[in-house]
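Novice: One structure follows; several queries about it will come next.
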Amino acid sequence: METFEYYLDKYAELAVRVGLNVQKDQTVVIMTPIACADFVRMLTKKAYDAGAKDVVIDWDDDEVKALRLKHAPESALREYPMWRANGLEEMAKEGAAFLQIYAPNSDLLKDVDPERVAISSKTTATAREGFLKYLRSNQVNWLMVSFPTAEWSAKVFPELGETERIHKLWEQIFKLTRVDKADPVDAWKQHIETLTTKQNVLNDKRYKQLHFQGPGTDLYIELAPKHLWVAAGSTTDRGIYFVPNIPTEEVFTMPGRNGTNGTVRSTLPLSYQGSLIEGFSLTFEHGKVVEATAEVGQEVLNKMLDMDEGARYLGEVALVPHDSPISQSGLIYYNTLFDENASCHVALGNSYPFTIEGGTTMTPEELAANGYNKSLIHVDFMIGSADMDIDGVYEDGTREPLFRKGTWV
Ligand code: ZN
Ligand code: ZN
């Protein structure tokens with residue numbers, strides 16, 4: 001058994017070398033809560049070791065964010081410091097790499113008026129649209145990794161003491177990101193290969209639709225005609241291969257915007273903008289959510305769906321077997337980066353242009369004509385379970401089993 005520092009070092013190494021794949025003379029931007037400062041210093045050192053030209057840190061703080069949402073006048077929530085958004089966009093344009101440390105606190109904003117949270121997130125998303133476009137179309141190499149904060153680990157292991165829960169969550173993260181393997185970089189090479197094989201098999205099928213069936217779920221999702229299944233990593237315009245999420249277990253693609261019909265029930269709680277939405281069902285007609293009910297968080301769910309026109313349409317469908325290591329851990333992580341890799345999921349909101357053939361060079365009109373959905377949000381929620389069956393349906397109506405009892409046939 002190696003020391004904690006040994007594994008932490010490997011985790012940082014994996015993020016910089018495999019996830020982000022920092023290039024010589026590249027600027028690296030790290031977007032992070034201040035709670036992760038020590039880890040950020042470690043990543044910074046690794047980035048320079050990998051040849052980075054400069055490392056720029058974009059600090060944030062949950063507590064400060066919450067204070068602002070509680071106390072600032074509403075007019076302030078409708079404004080965004082554009083120098084910040086423009087700065088990020090400028091660095092993206094110049095080819096910087098972006099590493100985001102994602103450590104959500106799902107209880108942070110539970111006492112804040114959802115209307116104020118919605119105003120602020122819409123303002124932020126609108127201001128940062130130009131920047132996010134670079135990430136969503138994979139024009140730059142980027143990565144999202146997580147870091148166990150006190151709040152997050154308390155959510156996952158409420159029964160344990162403070163030190164013990166952080167330790168326990170690290171242990172899980174090291175396992176689920178394969179950092180506990182003798183050679184994590186090599187383990188990831190093999191993992192990427194396995195996922196890519198799945199991706200290629202699905203791309204050869206050319207299914208017209210997927211049919212999901214499970215408790216509370218009977219849903220048809222039409223795939224975009226030029227859909228491309230994507231897994232593991234992507235290559236930027238400049239030829240950098242990167243793996244944007246660590247961990248990742250999914251194979252995903254683009255639904256046709258208007259082709260989803262039926263009802264789907266969530267199988268895991270969704271942590272959205274500092275609140276939890278639980279036990280919710282959505283009914284779709286011609287792609288659009290026409291009915292939405294939640295056992296917990298109805299108002300937050302409504303606000304999310306009312307964000308803009310595209311928020312009621314799907315932008316992603318992803319397949320993850322129920323026996324993935326993350327779901328085998330038997331834990332709920334209240335963190336989409338982990339939970340989405342434990343379960344089949346769909347995302348409401350924006351589609352990824354790279355999930356259709358030629359999508360990254362299409363005009364907005366061409367994208368729309370090819371089933372692309374545009375929205376300020378992209379929110380994944382989990383629909384898979386050990387009872388989930390999925391059929392692939394071909395153009396001529398014939399079908400074949402793809403998933404049975406939650407896993408690949
Ligand atoms: Zn996904
Ligand atoms: Zn997604």
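The way I read the labels, and the way they are meant: chains A, B, ... in the order of the structure tokens, residue 1 as the first residue of every chain, and ligand 1 as the first ligand shown, with later ones counted on from there.
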Write out as a ChimeraX atom specification all residues of region 1-153 of chain A that DSSP puts in strand (DSSP E) for this structure's backbone.

Specialist: /A:27-33,54-60,97-102,142-146

Novice: Please produce an output containing N, CA, C and O atoms for each residue in the selection, written as an mmCIF file, in the first residue's frame.

Specialist:
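The result, stored in result.cif:
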data_model
loop_
_atom_site.group_PDB
_atom_site.id
_atom_site.type_symbol
_atom_site.label_atom_id
_atom_site.label_comp_id
_atom_site.auth_asym_id
_atom_site.auth_seq_id
_atom_site.Cartn_x
_atom_site.Cartn_y
_atom_site.Cartn_z
ATOM 1 N N THR A 27 -0.463 27.557 -22.783
ATOM 2 C CA THR A 27 -0.940 28.179 -21.549
ATOM 3 C C THR A 27 -2.029 27.291 -20.955
ATOM 4 O O THR A 27 -2.874 26.774 -21.683
ATOM 5 N N VAL A 28 -1.983 27.087 -19.644
ATOM 6 C CA VAL A 28 -2.982 26.263 -18.968
ATOM 7 C C VAL A 28 -3.799 27.144 -18.026
ATOM 8 O O VAL A 28 -3.221 27.895 -17.237
ATOM 9 N N VAL A 29 -5.116 27.071 -18.152
ATOM 10 C CA VAL A 29 -5.988 27.818 -17.258
ATOM 11 C C VAL A 29 -6.663 26.829 -16.315
ATOM 12 O O VAL A 29 -7.255 25.847 -16.766
ATOM 13 N N ILE A 30 -6.545 27.060 -15.008
ATOM 14 C CA ILE A 30 -7.206 26.182 -14.037
ATOM 15 C C ILE A 30 -8.342 26.959 -13.385
ATOM 16 O O ILE A 30 -8.119 28.013 -12.789
ATOM 17 N N MET A 31 -9.564 26.456 -13.550
ATOM 18 C CA MET A 31 -10.737 27.087 -12.945
ATOM 19 C C MET A 31 -11.121 26.263 -11.725
ATOM 20 O O MET A 31 -11.422 25.079 -11.847
ATOM 21 N N THR A 32 -11.099 26.895 -10.545
ATOM 22 C CA THR A 32 -11.177 26.095 -9.330
ATOM 23 C C THR A 32 -11.743 26.839 -8.124
ATOM 24 O O THR A 32 -11.545 28.047 -8.000
ATOM 25 N N PRO A 33 -12.403 26.124 -7.236
ATOM 26 C CA PRO A 33 -12.741 26.714 -5.937
ATOM 27 C C PRO A 33 -11.461 26.850 -5.090
ATOM 28 O O PRO A 33 -10.556 26.024 -5.220
ATOM 29 N N ASP A 54 2.668 28.909 -19.389
ATOM 30 C CA ASP A 54 2.180 29.704 -18.265
ATOM 31 C C ASP A 54 0.973 28.982 -17.669
ATOM 32 O O ASP A 54 0.260 28.266 -18.379
ATOM 33 N N VAL A 55 0.746 29.163 -16.372
ATOM 34 C CA VAL A 55 -0.428 28.574 -15.731
ATOM 35 C C VAL A 55 -1.207 29.706 -15.060
ATOM 36 O O VAL A 55 -0.686 30.412 -14.201
ATOM 37 N N VAL A 56 -2.439 29.897 -15.503
ATOM 38 C CA VAL A 56 -3.280 30.991 -15.018
ATOM 39 C C VAL A 56 -4.407 30.392 -14.178
ATOM 40 O O VAL A 56 -5.054 29.432 -14.603
ATOM 41 N N ILE A 57 -4.608 30.935 -12.970
ATOM 42 C CA ILE A 57 -5.646 30.362 -12.107
ATOM 43 C C ILE A 57 -6.857 31.287 -12.034
ATOM 44 O O ILE A 57 -6.727 32.478 -11.764
ATOM 45 N N ASP A 58 -8.033 30.715 -12.264
ATOM 46 C CA ASP A 58 -9.292 31.457 -12.150
ATOM 47 C C ASP A 58 -9.997 30.958 -10.880
ATOM 48 O O ASP A 58 -10.717 29.973 -10.898
ATOM 49 N N TRP A 59 -9.719 31.661 -9.747
ATOM 50 C CA TRP A 59 -10.246 31.218 -8.453
ATOM 51 C C TRP A 59 -11.719 31.547 -8.289
ATOM 52 O O TRP A 59 -12.188 32.557 -8.779
ATOM 53 N N ASP A 60 -12.386 30.707 -7.531
ATOM 54 C CA ASP A 60 -13.778 30.947 -7.222
ATOM 55 C C ASP A 60 -14.018 30.475 -5.791
ATOM 56 O O ASP A 60 -13.190 29.773 -5.233
ATOM 57 N N ALA A 97 -5.222 25.565 -22.725
ATOM 58 C CA ALA A 97 -5.915 24.364 -22.247
ATOM 59 C C ALA A 97 -6.657 24.742 -20.965
ATOM 60 O O ALA A 97 -6.167 25.561 -20.182
ATOM 61 N N PHE A 98 -7.830 24.149 -20.757
ATOM 62 C CA PHE A 98 -8.660 24.534 -19.607
ATOM 63 C C PHE A 98 -8.946 23.348 -18.699
ATOM 64 O O PHE A 98 -9.494 22.342 -19.136
ATOM 65 N N LEU A 99 -8.581 23.500 -17.444
ATOM 66 C CA LEU A 99 -8.816 22.438 -16.473
ATOM 67 C C LEU A 99 -9.778 22.945 -15.411
ATOM 68 O O LEU A 99 -9.494 23.936 -14.732
ATOM 69 N N GLN A 100 -10.919 22.306 -15.300
ATOM 70 C CA GLN A 100 -11.872 22.727 -14.287
ATOM 71 C C GLN A 100 -11.944 21.719 -13.147
ATOM 72 O O GLN A 100 -12.088 20.511 -13.381
ATOM 73 N N ILE A 101 -11.823 22.213 -11.926
ATOM 74 C CA ILE A 101 -11.991 21.339 -10.767
ATOM 75 C C ILE A 101 -13.432 21.481 -10.289
ATOM 76 O O ILE A 101 -13.878 22.571 -9.937
ATOM 77 N N TYR A 102 -14.134 20.363 -10.329
ATOM 78 C CA TYR A 102 -15.571 20.368 -10.109
ATOM 79 C C TYR A 102 -15.877 19.703 -8.774
ATOM 80 O O TYR A 102 -15.644 18.505 -8.601
ATOM 81 N N TRP A 142 -9.569 20.374 -22.963
ATOM 82 C CA TRP A 142 -10.089 20.750 -21.648
ATOM 83 C C TRP A 142 -10.357 19.499 -20.823
ATOM 84 O O TRP A 142 -10.418 18.385 -21.341
ATOM 85 N N LEU A 143 -10.526 19.710 -19.529
ATOM 86 C CA LEU A 143 -10.710 18.578 -18.620
ATOM 87 C C LEU A 143 -11.494 18.992 -17.391
ATOM 88 O O LEU A 143 -11.332 20.092 -16.870
ATOM 89 N N MET A 144 -12.349 18.087 -16.961
ATOM 90 C CA MET A 144 -13.028 18.281 -15.694
ATOM 91 C C MET A 144 -12.637 17.125 -14.764
ATOM 92 O O MET A 144 -12.775 15.962 -15.125
ATOM 93 N N VAL A 145 -12.110 17.489 -13.587
ATOM 94 C CA VAL A 145 -11.825 16.482 -12.556
ATOM 95 C C VAL A 145 -12.460 16.949 -11.249
ATOM 96 O O VAL A 145 -12.777 18.122 -11.094
ATOM 97 N N SER A 146 -12.596 16.030 -10.315
ATOM 98 C CA SER A 146 -13.196 16.403 -9.043
ATOM 99 C C SER A 146 -12.191 16.371 -7.910
ATOM 100 O O SER A 146 -11.110 15.773 -8.027
#

Novice: Quick one: which region 161-279 of chain A residues come within 6 Å of region 376-390 of chain A, and what is the nearest atom pair for each with the distance in Å to one decimal, counting only C-alpha atoms, rows ordered by chain and ascending number, as JSON lines?

Specialist:
{"residue": "A:His211", "atom": "CA", "partner": "A:Ile390", "partner_atom": "CA", "distance": 5.4}
{"residue": "A:Phe212", "atom": "CA", "partner": "A:Ile390", "partner_atom": "CA", "distance": 4.6}
{"residue": "A:Gln213", "atom": "CA", "partner": "A:Asp389", "partner_atom": "CA", "distance": 5.2}
{"residue": "A:Gly214", "atom": "CA", "partner": "A:Met388", "partner_atom": "CA", "distance": 4.7}
{"residue": "A:Ser266", "atom": "CA", "partner": "A:Ile383", "partner_atom": "CA", "distance": 4.8}
{"residue": "A:Thr267", "atom": "CA", "partner": "A:Ile383", "partner_atom": "CA", "distance": 5.1}
{"residue": "A:Leu268", "atom": "CA", "partner": "A:Met382", "partner_atom": "CA", "distance": 5.7}

Novice: Name the residues in contact with Thr248 (chain A) at a cut-off of 10 Å, using only C-alpha atoms, excluding same-chain residues fewer than 6 positions from it; report them as a list of chain:residue names.

Specialist: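 Contacts, in chain order: A:Leu176, A:Thr177, A:His191, A:Ile192, A:Leu195, A:Ala231, A:Ala232, A:Gly233, A:Val320, A:Ile326, A:Leu337, A:Phe338, A:Glu340, A:Asn341, A:Ala342.
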
Novice: Given only C-alpha atoms and all ligand atoms as the basis, pick out the residue of A:Tyr372, A:Phe157, A:Tyr11, A:Phe252 nearest to ligand 2.

Specialist: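 Closest to ligand 2, using only C-alpha atoms and all ligand atoms: A:Phe252.
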
Novice: Would you mind writing down, as a VMD selection string, each residue of region 280-317 of chain A that DSSP on the backbone assigns to helix (DSSP H, G or I)?

Specialist: chain A and resid 298 to 305 309 to 312

Novice: Rounded to one decimal place, report the CA of Gly87 (chain A)-CA of Ser75 (chain A) distance in Å.

Specialist: 23.0 Å

Novice: Pick the closest to Arg84 (chain A) from A:Leu69, A:Leu20, A:Val289, A:Ala127: which is it, counting only C-alpha atoms?

Specialist: A:Ala127

Novice: Under the rule that only C-alpha atoms and all ligand atoms are counted, which of A:Met307, A:Met362, A:Met254, A:Leu276 is the nearest residue to ligand 2?

Specialist: A:Met254

Novice: Return the single residue from A:Ser375, A:Pro184, A:Val251, A:Thr363 that is closest to His345 (chain A), with distances computed using only C-alpha atoms.

Specialist: A:Val251

Novice: List the neighbours of Glu79 (chain A) out to 12 Å using only C-alpha atoms; skip same-chain residues closer than 5 positions along the sequence, and give me the result as a ChimeraX atom specification.

Specialist: /A:72-74,84-85,119-128

Novice: Can you tell me how far CA of Ala294 (chain A) sits from CA of Gly279 (chain A), in Å to one decimal?

Specialist: 5.5 Å

Novice: Quick one: pull the distance between CA of Lys93 (chain A) and CA of Gly19 (chain A), Å, one decimal.

Specialist: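 Interatomic distance, CA of Lys93 (chain A) to CA of Gly19 (chain A): 20.1 Å.
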
Novice: May I ask which of the residues A:Ala318, A:Ala96, A:Leu135, A:Val296 is the closest one to ligand 2, counting only C-alpha atoms and all ligand atoms?

Specialist: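 For ligand 2, the nearest of the given residues is A:Ala318.
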
Novice: List as JSON lines every residue of region 278-333 of chain A that is in contact with region 168-172 of chain A, defined as an atom at most 12 Å from one of its atoms (using only C-alpha atoms), together with the nearest atom pair and the distance in Å rounded to one decimal, sorted by chain and then rising number.

Specialist:
{"residue": "A:Pro325", "atom": "CA", "partner": "A:Gln172", "partner_atom": "CA", "distance": 10.2}
{"residue": "A:Ile326", "atom": "CA", "partner": "A:Gln172", "partner_atom": "CA", "distance": 8.9}
{"residue": "A:Ser327", "atom": "CA", "partner": "A:Gln172", "partner_atom": "CA", "distance": 11.7}
{"residue": "A:Gln328", "atom": "CA", "partner": "A:Gln172", "partner_atom": "CA", "distance": 11.3}
{"residue": "A:Ser329", "atom": "CA", "partner": "A:Gln172", "partner_atom": "CA", "distance": 8.1}
{"residue": "A:Gly330", "atom": "CA", "partner": "A:Gln172", "partner_atom": "CA", "distance": 11.0}
{"residue": "A:Leu331", "atom": "CA", "partner": "A:Gln172", "partner_atom": "CA", "distance": 9.7}
{"residue": "A:Ile332", "atom": "CA", "partner": "A:Leu169", "partner_atom": "CA", "distance": 11.5}
{"residue": "A:Tyr333", "atom": "CA", "partner": "A:Leu169", "partner_atom": "CA", "distance": 9.4}
